[in-house]
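Dumped my_file14.pdb below, it's PDB, C-alpha atoms:
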ATOM      1  CA  MET A   1     -20.281 -51.266 -45.958
ATOM      2  CA  PHE A   2     -16.662 -50.396 -45.240
ATOM      3  CA  ALA A   3     -13.872 -51.256 -42.828
ATOM      4  CA  LEU A   4     -12.490 -48.819 -40.308
ATOM      5  CA  THR A   5      -8.965 -49.495 -39.019
ATOM      6  CA  ARG A   6      -8.563 -49.005 -35.324
ATOM      7  CA  ARG A   7      -5.345 -49.210 -33.350
ATOM      8  CA  LEU A   8      -5.799 -51.323 -30.273
ATOM      9  CA  LEU A   9      -3.368 -51.838 -27.435
ATOM     10  CA  VAL A  10      -3.253 -55.488 -26.509
ATOM     11  CA  ILE A  11      -1.586 -56.410 -23.272
ATOM     12  CA  ALA A  12      -0.138 -59.876 -23.576
ATOM     13  CA  LEU A  13      -0.090 -60.616 -19.849
ATOM     14  CA  LEU A  14       2.259 -63.284 -18.692
ATOM     15  CA  CYS A  15       3.702 -64.095 -22.075
ATOM     16  CA  VAL A  16       5.129 -67.484 -21.200
ATOM     17  CA  VAL A  17       8.779 -67.915 -21.936
ATOM     18  CA  SER A  18       9.087 -71.690 -22.151
ATOM     19  CA  LEU A  19      12.067 -73.737 -21.116
ATOM     20  CA  SER A  20      12.913 -74.281 -24.773
ATOM     21  CA  CYS A  21      13.635 -70.551 -25.008
ATOM     22  CA  PHE A  22      14.809 -69.826 -21.470
ATOM     23  CA  SER A  23      16.463 -73.019 -20.365
ATOM     24  CA  SER A  24      17.819 -73.262 -16.853
ATOM     25  CA  LEU A  25      20.112 -71.336 -14.595
ATOM     26  CA  SER A  26      22.042 -72.473 -11.533
ATOM     27  CA  GLY A  27      23.161 -68.993 -10.716
ATOM     28  CA  GLY A  28      25.314 -68.184 -13.700
ATOM     29  CA  ASN A  29      28.713 -67.759 -12.140
ATOM     30  CA  GLY A  30      27.070 -66.752  -8.897
ATOM     31  CA  VAL A  31      26.710 -68.433  -5.561
ATOM     32  CA  ALA A  32      23.484 -67.287  -3.941
ATOM     33  CA  PRO A  33      23.688 -66.025  -0.356
ATOM     34  CA  SER A  34      23.017 -68.435   2.468
ATOM     35  CA  PHE A  35      20.361 -67.666   5.061
ATOM     36  CA  THR A  36      22.019 -69.335   8.034
ATOM     37  CA  GLY A  37      23.593 -68.095  11.223
ATOM     38  CA  PHE A  38      21.667 -64.944  12.080
ATOM     39  CA  ALA A  39      23.020 -62.319  14.456
ATOM     40  CA  ALA A  40      21.160 -59.446  16.061
ATOM     41  CA  ALA A  41      20.656 -56.357  13.888
ATOM     42  CA  SER A  42      21.086 -52.875  15.299
ATOM     43  CA  ASP A  43      18.494 -50.176  14.730
ATOM     44  CA  THR A  44      20.063 -46.764  14.174
ATOM     45  CA  GLY A  45      16.917 -44.710  14.233
ATOM     46  CA  GLY A  46      13.307 -44.182  13.354
ATOM     47  CA  GLY A  47      11.684 -44.013   9.964
ATOM     48  CA  SER A  48      11.533 -41.097   7.572
ATOM     49  CA  SER A  49       8.522 -38.822   7.550
ATOM     50  CA  ILE A  50       8.104 -39.420   3.822
ATOM     51  CA  SER A  51       6.244 -42.487   2.574
ATOM     52  CA  GLY A  52       8.204 -44.362  -0.044
ATOM     53  CA  GLY A  53       7.841 -46.213  -3.297
ATOM     54  CA  ASP A  54       7.831 -43.737  -6.161
ATOM     55  CA  SER A  55       9.227 -40.944  -3.955
ATOM     56  CA  LYS A  56      12.430 -42.993  -3.441
ATOM     57  CA  GLU A  57      12.404 -42.056   0.222
ATOM     58  CA  PHE A  58      12.031 -44.339   3.228
ATOM     59  CA  ARG A  59       8.477 -45.103   4.267
ATOM     60  CA  SER A  60       6.957 -43.449   7.267
ATOM     61  CA  GLY A  61       7.365 -45.549  10.404
ATOM     62  CA  SER A  62      10.075 -47.788   8.965
ATOM     63  CA  GLN A  63      13.143 -48.814  10.962
ATOM     64  CA  LYS A  64      16.345 -47.279   9.647
ATOM     65  CA  PHE A  65      19.668 -49.105   9.729
ATOM     66  CA  THR A  66      23.248 -48.345   8.751
ATOM     67  CA  PHE A  67      25.074 -50.652   6.364
ATOM     68  CA  GLN A  68      27.932 -52.595   7.904
ATOM     69  CA  ALA A  69      31.238 -50.928   6.989
ATOM     70  CA  GLU A  70      32.404 -53.626   4.586
ATOM     71  CA  VAL A  71      29.015 -53.746   2.857
ATOM     72  CA  ASN A  72      29.272 -49.981   2.412
ATOM     73  CA  ARG A  73      32.685 -50.333   0.808
ATOM     74  CA  LEU A  74      31.361 -53.079  -1.435
ATOM     75  CA  MET A  75      28.486 -50.919  -2.639
ATOM     76  CA  ASP A  76      30.798 -47.963  -3.270
ATOM     77  CA  ILE A  77      32.923 -50.169  -5.508
ATOM     78  CA  ILE A  78      29.872 -51.336  -7.450
ATOM     79  CA  ILE A  79      28.343 -47.889  -7.871
ATOM     80  CA  ASN A  80      31.632 -46.423  -9.086
ATOM     81  CA  SER A  81      32.455 -49.271 -11.470
ATOM     82  CA  LEU A  82      32.372 -47.290 -14.706
ATOM     83  CA  TYR A  83      33.660 -50.017 -16.992
ATOM     84  CA  SER A  84      31.766 -53.034 -15.683
ATOM     85  CA  ASN A  85      29.200 -55.065 -17.585
ATOM     86  CA  LYS A  86      25.956 -53.823 -16.065
ATOM     87  CA  ASP A  87      23.973 -56.670 -17.619
ATOM     88  CA  ILE A  88      25.129 -59.004 -14.872
ATOM     89  CA  PHE A  89      22.630 -57.572 -12.368
ATOM     90  CA  LEU A  90      19.869 -59.670 -13.947
ATOM     91  CA  ARG A  91      22.044 -62.778 -13.971
ATOM     92  CA  GLU A  92      22.628 -62.434 -10.232
ATOM     93  CA  LEU A  93      18.985 -61.757  -9.365
ATOM     94  CA  ILE A  94      17.766 -64.735 -11.391
ATOM     95  CA  SER A  95      20.459 -66.825  -9.713
ATOM     96  CA  ASN A  96      19.248 -65.854  -6.239
ATOM     97  CA  ALA A  97      15.612 -66.438  -7.221
ATOM     98  CA  SER A  98      16.498 -69.912  -8.457
ATOM     99  CA  ASP A  99      18.309 -70.623  -5.194
ATOM    100  CA  ALA A 100      15.258 -69.522  -3.163
ATOM    101  CA  LEU A 101      13.034 -71.837  -5.228
ATOM    102  CA  ASP A 102      15.413 -74.729  -4.667
ATOM    103  CA  LYS A 103      15.270 -74.103  -0.915
ATOM    104  CA  ILE A 104      11.481 -74.209  -0.640
ATOM    105  CA  ARG A 105      11.378 -77.294  -2.839
ATOM    106  CA  PHE A 106      13.869 -78.983  -0.520
ATOM    107  CA  LEU A 107      11.865 -77.995   2.581
ATOM    108  CA  ALA A 108       8.693 -79.374   0.977
ATOM    109  CA  LEU A 109      10.290 -82.829   0.773
ATOM    110  CA  THR A 110       9.915 -83.190   4.551
ATOM    111  CA  ASP A 111       7.023 -80.755   5.096
ATOM    112  CA  ALA A 112       4.515 -80.614   2.244
ATOM    113  CA  SER A 113       2.645 -77.748   3.915
ATOM    114  CA  ALA A 114       5.689 -75.474   3.431
ATOM    115  CA  LEU A 115       4.933 -75.283  -0.278
ATOM    116  CA  GLY A 116       1.321 -74.189   0.194
ATOM    117  CA  ASP A 117      -1.544 -74.548  -2.274
ATOM    118  CA  GLY A 118      -2.667 -72.966  -5.521
ATOM    119  CA  ASP A 119      -0.401 -70.238  -6.901
ATOM    120  CA  ASP A 120       1.974 -70.537  -3.943
ATOM    121  CA  ALA A 121       2.849 -74.065  -5.036
ATOM    122  CA  GLU A 122       3.943 -72.850  -8.485
ATOM    123  CA  LEU A 123       7.741 -72.688  -8.391
ATOM    124  CA  GLU A 124       8.442 -69.970 -10.941
ATOM    125  CA  ILE A 125      10.083 -66.629 -11.645
ATOM    126  CA  ARG A 126       8.187 -63.658 -13.099
ATOM    127  CA  ILE A 127       9.746 -60.531 -14.588
ATOM    128  CA  SER A 128       7.865 -57.382 -15.559
ATOM    129  CA  LEU A 129       8.624 -53.863 -16.738
ATOM    130  CA  ASP A 130       6.817 -50.666 -15.752
ATOM    131  CA  LYS A 131       7.971 -47.993 -18.192
ATOM    132  CA  GLU A 132       6.037 -45.211 -16.456
ATOM    133  CA  LYS A 133       7.903 -45.828 -13.204
ATOM    134  CA  ASN A 134      11.131 -46.766 -15.022
ATOM    135  CA  MET A 135      11.104 -49.929 -12.923
ATOM    136  CA  ILE A 136      11.856 -53.617 -13.411
ATOM    137  CA  SER A 137      10.282 -56.161 -11.054
ATOM    138  CA  LEU A 138      11.503 -59.691 -10.496
ATOM    139  CA  ARG A 139       9.422 -62.053  -8.373
ATOM    140  CA  ASP A 140       9.996 -65.613  -7.228
ATOM    141  CA  ARG A 141       7.831 -67.992  -5.210
ATOM    142  CA  GLY A 142      10.807 -69.242  -3.246
ATOM    143  CA  VAL A 143      11.418 -69.577   0.461
ATOM    144  CA  GLY A 144      11.196 -65.823   1.109
ATOM    145  CA  MET A 145      12.848 -63.836   3.899
ATOM    146  CA  THR A 146      11.758 -62.844   7.379
ATOM    147  CA  LYS A 147      12.352 -59.333   8.695
ATOM    148  CA  GLU A 148      15.461 -60.660  10.457
ATOM    149  CA  HIS A 149      16.790 -62.094   7.190
ATOM    150  CA  LEU A 150      16.251 -58.788   5.385
ATOM    151  CA  VAL A 151      18.049 -56.788   8.062
ATOM    152  CA  GLN A 152      20.992 -59.096   8.514
ATOM    153  CA  HIS A 153      21.670 -60.473   5.072
ATOM    154  CA  LEU A 154      21.010 -57.342   3.051
ATOM    155  CA  GLY A 155      22.897 -54.883   5.166
ATOM    156  CA  THR A 156      24.256 -55.319   8.644
ATOM    157  CA  ILE A 157      26.118 -58.617   8.459
ATOM    158  CA  ALA A 158      28.995 -58.851   6.009
ATOM    159  CA  LYS A 159      29.309 -62.291   4.449
ATOM    160  CA  SER A 160      32.666 -64.009   4.292
ATOM    161  CA  GLY A 161      32.791 -63.272   0.578
ATOM    162  CA  THR A 162      32.485 -59.514   1.090
ATOM    163  CA  SER A 163      36.060 -58.996   2.242
ATOM    164  CA  ALA A 164      37.350 -61.411  -0.385
ATOM    165  CA  PHE A 165      35.574 -59.548  -3.153
ATOM    166  CA  ILE A 166      36.823 -56.161  -1.936
ATOM    167  CA  GLU A 167      40.367 -57.520  -1.743
ATOM    168  CA  GLN A 168      40.069 -58.891  -5.279
ATOM    169  CA  MET A 169      38.820 -55.543  -6.593
ATOM    170  CA  GLN A 170      41.687 -53.707  -4.930
ATOM    171  CA  LYS A 171      44.002 -55.958  -6.908
ATOM    172  CA  GLY A 172      42.301 -54.930 -10.130
ATOM    173  CA  GLY A 173      39.691 -57.689 -10.215
ATOM    174  CA  ASP A 174      36.549 -57.644 -12.373
ATOM    175  CA  VAL A 175      33.223 -56.689 -10.771
ATOM    176  CA  ASN A 176      31.574 -59.138 -13.172
ATOM    177  CA  LEU A 177      32.826 -61.942 -10.900
ATOM    178  CA  ILE A 178      30.792 -60.671  -7.946
ATOM    179  CA  GLY A 179      28.549 -63.726  -7.908
ATOM    180  CA  GLN A 180      31.456 -66.003  -7.080
ATOM    181  CA  PHE A 181      31.750 -64.292  -3.693
ATOM    182  CA  GLY A 182      28.090 -64.727  -2.696
ATOM    183  CA  VAL A 183      27.267 -61.011  -2.778
ATOM    184  CA  GLY A 184      25.652 -60.817  -6.217
ATOM    185  CA  PHE A 185      22.533 -59.053  -4.940
ATOM    186  CA  TYR A 186      24.396 -55.764  -4.652
ATOM    187  CA  SER A 187      25.129 -55.767  -8.394
ATOM    188  CA  VAL A 188      21.600 -54.390  -8.762
ATOM    189  CA  TYR A 189      23.086 -50.979  -7.940
ATOM    190  CA  LEU A 190      24.955 -51.029 -11.227
ATOM    191  CA  VAL A 191      21.640 -49.997 -12.793
ATOM    192  CA  ALA A 192      19.458 -48.826  -9.883
ATOM    193  CA  ASP A 193      19.371 -45.725  -7.728
ATOM    194  CA  PHE A 194      16.651 -47.142  -5.473
ATOM    195  CA  VAL A 195      15.692 -50.734  -4.678
ATOM    196  CA  GLU A 196      12.777 -52.303  -2.820
ATOM    197  CA  VAL A 197      12.793 -55.918  -1.675
ATOM    198  CA  ILE A 198       9.346 -57.163  -0.692
ATOM    199  CA  SER A 199       9.424 -60.584   0.940
ATOM    200  CA  LYS A 200       7.150 -63.071   2.682
ATOM    201  CA  HIS A 201       8.459 -66.078   4.597
ATOM    202  CA  ASN A 202       6.200 -68.765   6.023
ATOM    203  CA  ASP A 203       7.387 -67.863   9.524
ATOM    204  CA  ASP A 204       6.784 -64.110   9.386
ATOM    205  CA  LYS A 205       4.646 -61.292   8.010
ATOM    206  CA  GLN A 206       5.396 -59.573   4.707
ATOM    207  CA  HIS A 207       8.084 -56.868   4.937
ATOM    208  CA  ILE A 208       9.776 -54.294   2.703
ATOM    209  CA  TRP A 209      13.524 -53.597   2.608
ATOM    210  CA  GLU A 210      14.519 -50.398   0.767
ATOM    211  CA  SER A 211      17.704 -48.471   0.088
ATOM    212  CA  LYS A 212      19.282 -45.856  -2.158
ATOM    213  CA  ALA A 213      22.747 -47.272  -1.380
ATOM    214  CA  ASP A 214      23.599 -44.068   0.465
ATOM    215  CA  GLY A 215      24.906 -45.773   3.586
ATOM    216  CA  SER A 216      21.564 -46.753   5.084
ATOM    217  CA  PHE A 217      18.485 -48.886   4.499
ATOM    218  CA  ALA A 218      15.061 -49.276   6.082
ATOM    219  CA  VAL A 219      12.724 -52.165   6.837
ATOM    220  CA  SER A 220       9.001 -51.985   7.526
ATOM    221  CA  GLU A 221       5.966 -54.245   7.609
ATOM    222  CA  ASP A 222       4.284 -54.224   4.209
ATOM    223  CA  THR A 223       0.719 -52.965   4.516
ATOM    224  CA  GLU A 224       0.406 -51.407   1.041
ATOM    225  CA  ASN A 225       1.177 -54.115  -1.532
ATOM    226  CA  GLU A 226      -0.760 -57.216  -2.473
ATOM    227  CA  PRO A 227       0.159 -60.280  -0.400
ATOM    228  CA  LEU A 228       2.857 -62.374  -2.059
ATOM    229  CA  GLY A 229       1.725 -65.556  -0.354
ATOM    230  CA  ARG A 230       5.366 -66.591  -0.142
ATOM    231  CA  GLY A 231       8.543 -65.499  -1.888
ATOM    232  CA  THR A 232      10.330 -62.296  -2.830
ATOM    233  CA  GLN A 233       9.753 -59.427  -5.233
ATOM    234  CA  ILE A 234      12.570 -57.011  -6.081
ATOM    235  CA  ASN A 235      11.598 -53.620  -7.534
ATOM    236  CA  ILE A 236      14.495 -51.987  -9.378
ATOM    237  CA  TYR A 237      14.173 -48.248 -10.068
ATOM    238  CA  LEU A 238      16.549 -47.605 -12.932
ATOM    239  CA  LYS A 239      19.139 -44.841 -13.065
ATOM    240  CA  ASP A 240      18.938 -42.315 -15.881
ATOM    241  CA  ASP A 241      22.018 -43.844 -17.491
ATOM    242  CA  ALA A 242      20.445 -47.315 -17.373
ATOM    243  CA  ALA A 243      17.438 -46.444 -19.534
ATOM    244  CA  GLU A 244      18.355 -49.174 -22.032
ATOM    245  CA  TYR A 245      17.053 -51.767 -19.569
ATOM    246  CA  ALA A 246      13.555 -50.250 -19.685
ATOM    247  CA  ASP A 247      13.043 -52.132 -22.929
ATOM    248  CA  GLN A 248      11.284 -55.497 -23.023
ATOM    249  CA  ASP A 249      13.342 -56.753 -25.973
ATOM    250  CA  LYS A 250      16.505 -56.002 -24.013
ATOM    251  CA  LEU A 251      15.135 -57.868 -20.986
ATOM    252  CA  LYS A 252      14.175 -60.865 -23.087
ATOM    253  CA  GLU A 253      17.645 -60.912 -24.601
ATOM    254  CA  LEU A 254      19.291 -60.867 -21.161
ATOM    255  CA  VAL A 255      17.072 -63.573 -19.684
ATOM    256  CA  THR A 256      17.808 -65.752 -22.698
ATOM    257  CA  LYS A 257      21.515 -65.128 -22.210
ATOM    258  CA  TYR A 258      21.677 -65.711 -18.469
ATOM    259  CA  SER A 259      19.209 -68.583 -17.990
ATOM    260  CA  GLU A 260      21.380 -71.410 -19.227
ATOM    261  CA  PHE A 261      21.098 -73.504 -16.082
ATOM    262  CA  ILE A 262      17.710 -72.558 -14.601
ATOM    263  CA  ASN A 263      15.400 -75.424 -13.692
ATOM    264  CA  PHE A 264      12.309 -73.282 -13.180
ATOM    265  CA  PRO A 265      10.000 -71.553 -15.683
ATOM    266  CA  ILE A 266      10.442 -67.828 -16.273
ATOM    267  CA  PHE A 267       7.482 -65.656 -17.252
ATOM    268  CA  LEU A 268       8.044 -62.287 -18.893
ATOM    269  CA  ASN A 269       5.193 -59.775 -18.942
ATOM    270  CA  THR A 270       5.205 -58.063 -22.331
ATOM    271  CA  THR A 271       3.206 -55.359 -24.059
ATOM    272  CA  SER A 272       2.609 -55.268 -27.796
ATOM    273  CA  GLU A 273       0.639 -53.001 -30.139
ATOM    274  CA  VAL A 274      -1.387 -54.419 -33.046
ATOM    275  CA  SER A 275      -3.882 -53.143 -35.623
ATOM    276  CA  GLU A 276      -7.321 -54.692 -36.013
ATOM    277  CA  GLU A 277      -9.932 -54.056 -38.685
ATOM    278  CA  VAL A 278     -13.462 -53.635 -37.365
ATOM    279  CA  GLU A 279     -16.444 -53.649 -39.716
ATOM    280  CA  ILE A 280     -19.101 -51.006 -39.248
ATOM    281  CA  GLU A 281     -22.550 -51.821 -40.693
ATOM    282  CA  ASP A 282     -24.284 -49.316 -43.001
ATOM    283  CA  GLY A 283     -27.096 -49.047 -40.486
ATOM    284  CA  GLU A 284     -24.679 -47.968 -37.766
ATOM    285  CA  GLU A 285     -23.151 -45.415 -40.109
ATOM    286  CA  GLU A 286     -26.606 -44.009 -41.007
ATOM    287  CA  GLU A 287     -27.587 -43.802 -37.319
ATOM    288  CA  ASP A 288     -24.393 -41.895 -36.576
ATOM    289  CA  ALA A 289     -25.063 -39.569 -39.506
ATOM    290  CA  GLU A 290     -28.688 -39.004 -38.435
ATOM    291  CA  GLY A 291     -27.558 -38.312 -34.900
ATOM    292  CA  ASP A 292     -25.041 -35.735 -36.129
ATOM    293  CA  SER A 293     -27.737 -34.153 -38.359
ATOM    294  CA  GLU A 294     -30.197 -33.862 -35.473
ATOM    295  CA  ASP A 295     -27.531 -32.312 -33.268
ATOM    296  CA  ASP A 296     -26.718 -29.780 -35.997
ATOM    297  CA  SER A 297     -30.428 -28.920 -36.422
ATOM    298  CA  GLU A 298     -30.851 -28.388 -32.693
ATOM    299  CA  ASP A 299     -27.775 -26.162 -32.608
ATOM    300  CA  ASP A 300     -29.097 -24.104 -35.564
ATOM    301  CA  ALA A 301     -32.473 -23.720 -33.864
ATOM    302  CA  GLU A 302     -30.858 -22.551 -30.630
ATOM    303  CA  ASP A 303     -28.734 -20.047 -32.534
ATOM    304  CA  SER A 304     -31.839 -18.695 -34.314
ATOM    305  CA  GLU A 305     -33.704 -18.260 -31.028
ATOM    306  CA  GLU A 306     -30.756 -16.419 -29.528
ATOM    307  CA  GLU A 307     -30.582 -14.075 -32.555
ATOM    308  CA  SER A 308     -34.314 -13.361 -32.288
ATOM    309  CA  GLU A 309     -34.053 -12.518 -28.617
ATOM    310  CA  GLU A 310     -31.145 -10.186 -29.290
ATOM    311  CA  GLU A 311     -33.096  -8.402 -32.032
ATOM    312  CA  GLU A 312     -36.131  -7.928 -29.763
ATOM    313  CA  SER A 313     -34.029  -6.474 -26.997
TER     314      SER A 313
END

Please express what this file holds, its structure, as structure tokens.
Amino acid sequence: MFALTRRLLVIALLCVVSLSCFSSLSGGNGVAPSFTGFAAASDTGGGSSISGGDSKEFRSGSQKFTFQAEVNRLMDIIINSLYSNKDIFLRELISNASDALDKIRFLALTDASALGDGDDAELEIRISLDKEKNMISLRDRGVGMTKEHLVQHLGTIAKSGTSAFIEQMQKGGDVNLIGQFGVGFYSVYLVADFVEVISKHNDDKQHIWESKADGSFAVSEDTENEPLGRGTQINIYLKDDAAEYADQDKLKELVTKYSEFINFPIFLNTTSEVSEEVEIEDGEEEEDAEGDSEDDSEDDAEDSEEESEEEES
């Protein structure tokens, strides 16, 4: 009897990061965007002929929009901020997720049905890493956004803080303070060259917002992903020079750092590799050996027959 060491890949799904490790976050220094006062969005054209996701192109049939001028200027500043602390993108996204969770919890005080049942009622944030796609995903079970919210508040309507932030930057301000102006979402482009925002609000179907920060974005009904139930998932496709964030230890470090005031649990999907010793019984070993011996004998017999036929011919 002997032991054979096998390397097994164990996926530790939903490795719970408890509140003792990741405490709470009120938005870091950020003020999450408000979803009030909606104006009409303008459609600048039809969708691309290329279906999106991994291709980093707009999905077929999506509605294409142009960023409002000030939002465009804001994104240019962020993308060209060479000396900024890129880590803050996660702080701002967690801040916004926490704000969305607070909103649905508040709505549920007067309308219990708004919270839903089962998993939908779990007020939490989940973060995962897909190394093959070079993508980070952050999902909350907050209030979610309608199609109108996605169009207006992630592109066509400049918030009051947009101009203030641009003015501050022109005076030599620090991009790290972006959250104070209510436009922290756009900090994601410090590390991303393509972003998808998948969202489901109780009052609308599930939609996808997507942009490469090249002056335009697109919105379409989501018919390809699993239903969220309610809430928002942000898929961040990392730039080549942001490869350091495709590391789960780095992500854990950042969530620990930026979750000082969060009142909701954060779950981090992690992958780990371990070794496990598996005993193989003598009987199993003998069976394997006998099987190999029989195979060898059959092969020898076939070779002999072939040689005989060749000699006869």

Tell me which protein, DNA and RNA residues are within 7 Å of A:Ser211, counting all atoms listed in the file, leaving out same-chain ones fewer than 3 positions away, and put them as JSON, numbers by chain.
-> {"A": [194, 195, 196, 216, 217, 218]}

Find the residues around A:Gly184 up to 6 Å (only C-alpha atoms counted), leave out those fewer than 4 positions away in its own chain, and share them as a PyMOL selection string.
-> chain A and resi 92+178-179

Could you write out the selected residues, including C-alpha atoms, as a tab-separated table (two decimals), keeping the file's coordinate frame?
chain	number	residue	atom	x	y	z
A	92	GLU	CA	22.63	-62.43	-10.23
A	178	ILE	CA	30.79	-60.67	-7.95
A	179	GLY	CA	28.55	-63.73	-7.91

Taking (25.6, -57.5, -19.6) in the file's own coordinates, collect the residues within 12 Å, counting only C-alpha atoms, and hand them back as a PyMOL selection string.
-> chain A and resi 83-92+175-176+187-188+190-191+242+244-245+250-251+253-258

With the file shown as input, list the residues that the PyMOL selection byres ((chain A and resi 97-107) around 6) selects, as an MDAnalysis selection string.
-> chainID A and resid 94:96 108:110 140 142:143

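What the PyMOL selection byres ((chain A and resi 72) around 10) grabs from this file is Thr66, Phe67, Gln68, Ala69, Glu70, Val71, Arg73, Leu74, Met75, Asp76, Ile77, Ile78, Gly155, Thr156, Ala158, Ala213, Asp214, Gly215 and Ser216 of chain A.
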
How many Å lie between atom CA of A:Ala192 and atom CA of A:Asp130, rounded to one decimal?
-> 14.1 Å

Wanna dump the stretch 103-189 of chain A-stretch 235-241 of chain A contacts at 6 Å for me, each residue with its shortest atom pair and the distance in Å to one decimal, counting all atoms listed in the file, ordered by chain and number, as CSV?
residue,atom,partner,partner_atom,distance
A:Asn134,CA,A:Leu238,CA,5.9
A:Met135,CA,A:Tyr237,CA,4.5
A:Ile136,CA,A:Ile236,CA,5.1
A:Ser137,CA,A:Asn235,CA,4.5

May I have the selected residues written with C-alpha atoms, as a short mmCIF file (atom, residue, chain, number, x, y, z; two decimals), in the coordinates of the input?
data_model
loop_
_atom_site.label_atom_id
_atom_site.label_comp_id
_atom_site.auth_asym_id
_atom_site.auth_seq_id
_atom_site.Cartn_x
_atom_site.Cartn_y
_atom_site.Cartn_z
CA ASN A 134 11.13 -46.77 -15.02
CA MET A 135 11.10 -49.93 -12.92
CA ILE A 136 11.86 -53.62 -13.41
CA SER A 137 10.28 -56.16 -11.05
#

Rounded to one decimal place, report the atom CA of A:Arg139-atom CA of A:Ile125 distance in Å.
-> 5.7 Å

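Relative to atom CA of A:Thr271, atom CA of A:Thr232 is found at 23.4 Å.
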
12 Å contact set for A:Asn225, only C-alpha atoms, chain neighbours under 6 positions out, as a PyMOL selection string | chain A and resi 53+196-200+206-208+233

Selected residue of minimal separation from A:Ile79 among A:Asp120, A:Asp193, A:Asp174, A:Glu167, counting only C-alpha atoms = A:Asp193

Quick one: residues within 6 Å of (7.1, -57.8, -16.9) (file frame), counting all atoms listed in the file, please, as number ranges by chain.
-> A: 127-129, 268-270

Could you give me stretch 240-251 of chain A completed to N, CA, C and O atoms, formatted as a CSV table (one decimal), in the frame of the given file?
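part-v8.csv, freshly written:
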chain,number,residue,atom,x,y,z
A,240,ASP,N,19.1,-43.0,-14.6
A,240,ASP,CA,18.9,-42.3,-15.9
A,240,ASP,C,19.9,-42.9,-16.9
A,240,ASP,O,19.5,-43.0,-18.1
A,241,ASP,N,21.1,-43.3,-16.5
A,241,ASP,CA,22.0,-43.8,-17.5
A,241,ASP,C,21.8,-45.3,-17.7
A,241,ASP,O,22.7,-46.0,-18.4
A,242,ALA,N,20.8,-45.9,-17.2
A,242,ALA,CA,20.4,-47.3,-17.4
A,242,ALA,C,19.1,-47.5,-18.1
A,242,ALA,O,18.5,-48.5,-18.0
A,243,ALA,N,18.7,-46.5,-18.9
A,243,ALA,CA,17.4,-46.4,-19.5
A,243,ALA,C,17.3,-47.6,-20.5
A,243,ALA,O,16.2,-48.0,-20.9
A,244,GLU,N,18.4,-48.1,-21.0
A,244,GLU,CA,18.4,-49.2,-22.0
A,244,GLU,C,17.7,-50.4,-21.5
A,244,GLU,O,17.1,-51.2,-22.3
A,245,TYR,N,17.7,-50.6,-20.2
A,245,TYR,CA,17.1,-51.8,-19.6
A,245,TYR,C,15.5,-51.6,-19.4
A,245,TYR,O,14.9,-52.6,-19.0
A,246,ALA,N,15.0,-50.5,-19.7
A,246,ALA,CA,13.6,-50.2,-19.7
A,246,ALA,C,13.0,-50.6,-21.0
A,246,ALA,O,12.1,-49.9,-21.6
A,247,ASP,N,13.5,-51.7,-21.6
A,247,ASP,CA,13.0,-52.1,-22.9
A,247,ASP,C,12.8,-53.6,-22.9
A,247,ASP,O,13.7,-54.4,-22.5
A,248,GLN,N,11.6,-54.1,-23.2
A,248,GLN,CA,11.3,-55.5,-23.0
A,248,GLN,C,12.1,-56.4,-23.9
A,248,GLN,O,12.4,-57.6,-23.6
A,249,ASP,N,12.5,-55.9,-25.1
A,249,ASP,CA,13.3,-56.8,-26.0
A,249,ASP,C,14.7,-57.0,-25.3
A,249,ASP,O,15.3,-58.0,-25.5
A,250,LYS,N,15.2,-55.9,-24.7
A,250,LYS,CA,16.5,-56.0,-24.0
A,250,LYS,C,16.4,-57.0,-22.9
A,250,LYS,O,17.3,-57.8,-22.7
A,251,LEU,N,15.3,-56.9,-22.1
A,251,LEU,CA,15.1,-57.9,-21.0
A,251,LEU,C,15.1,-59.3,-21.5
A,251,LEU,O,15.7,-60.2,-20.9
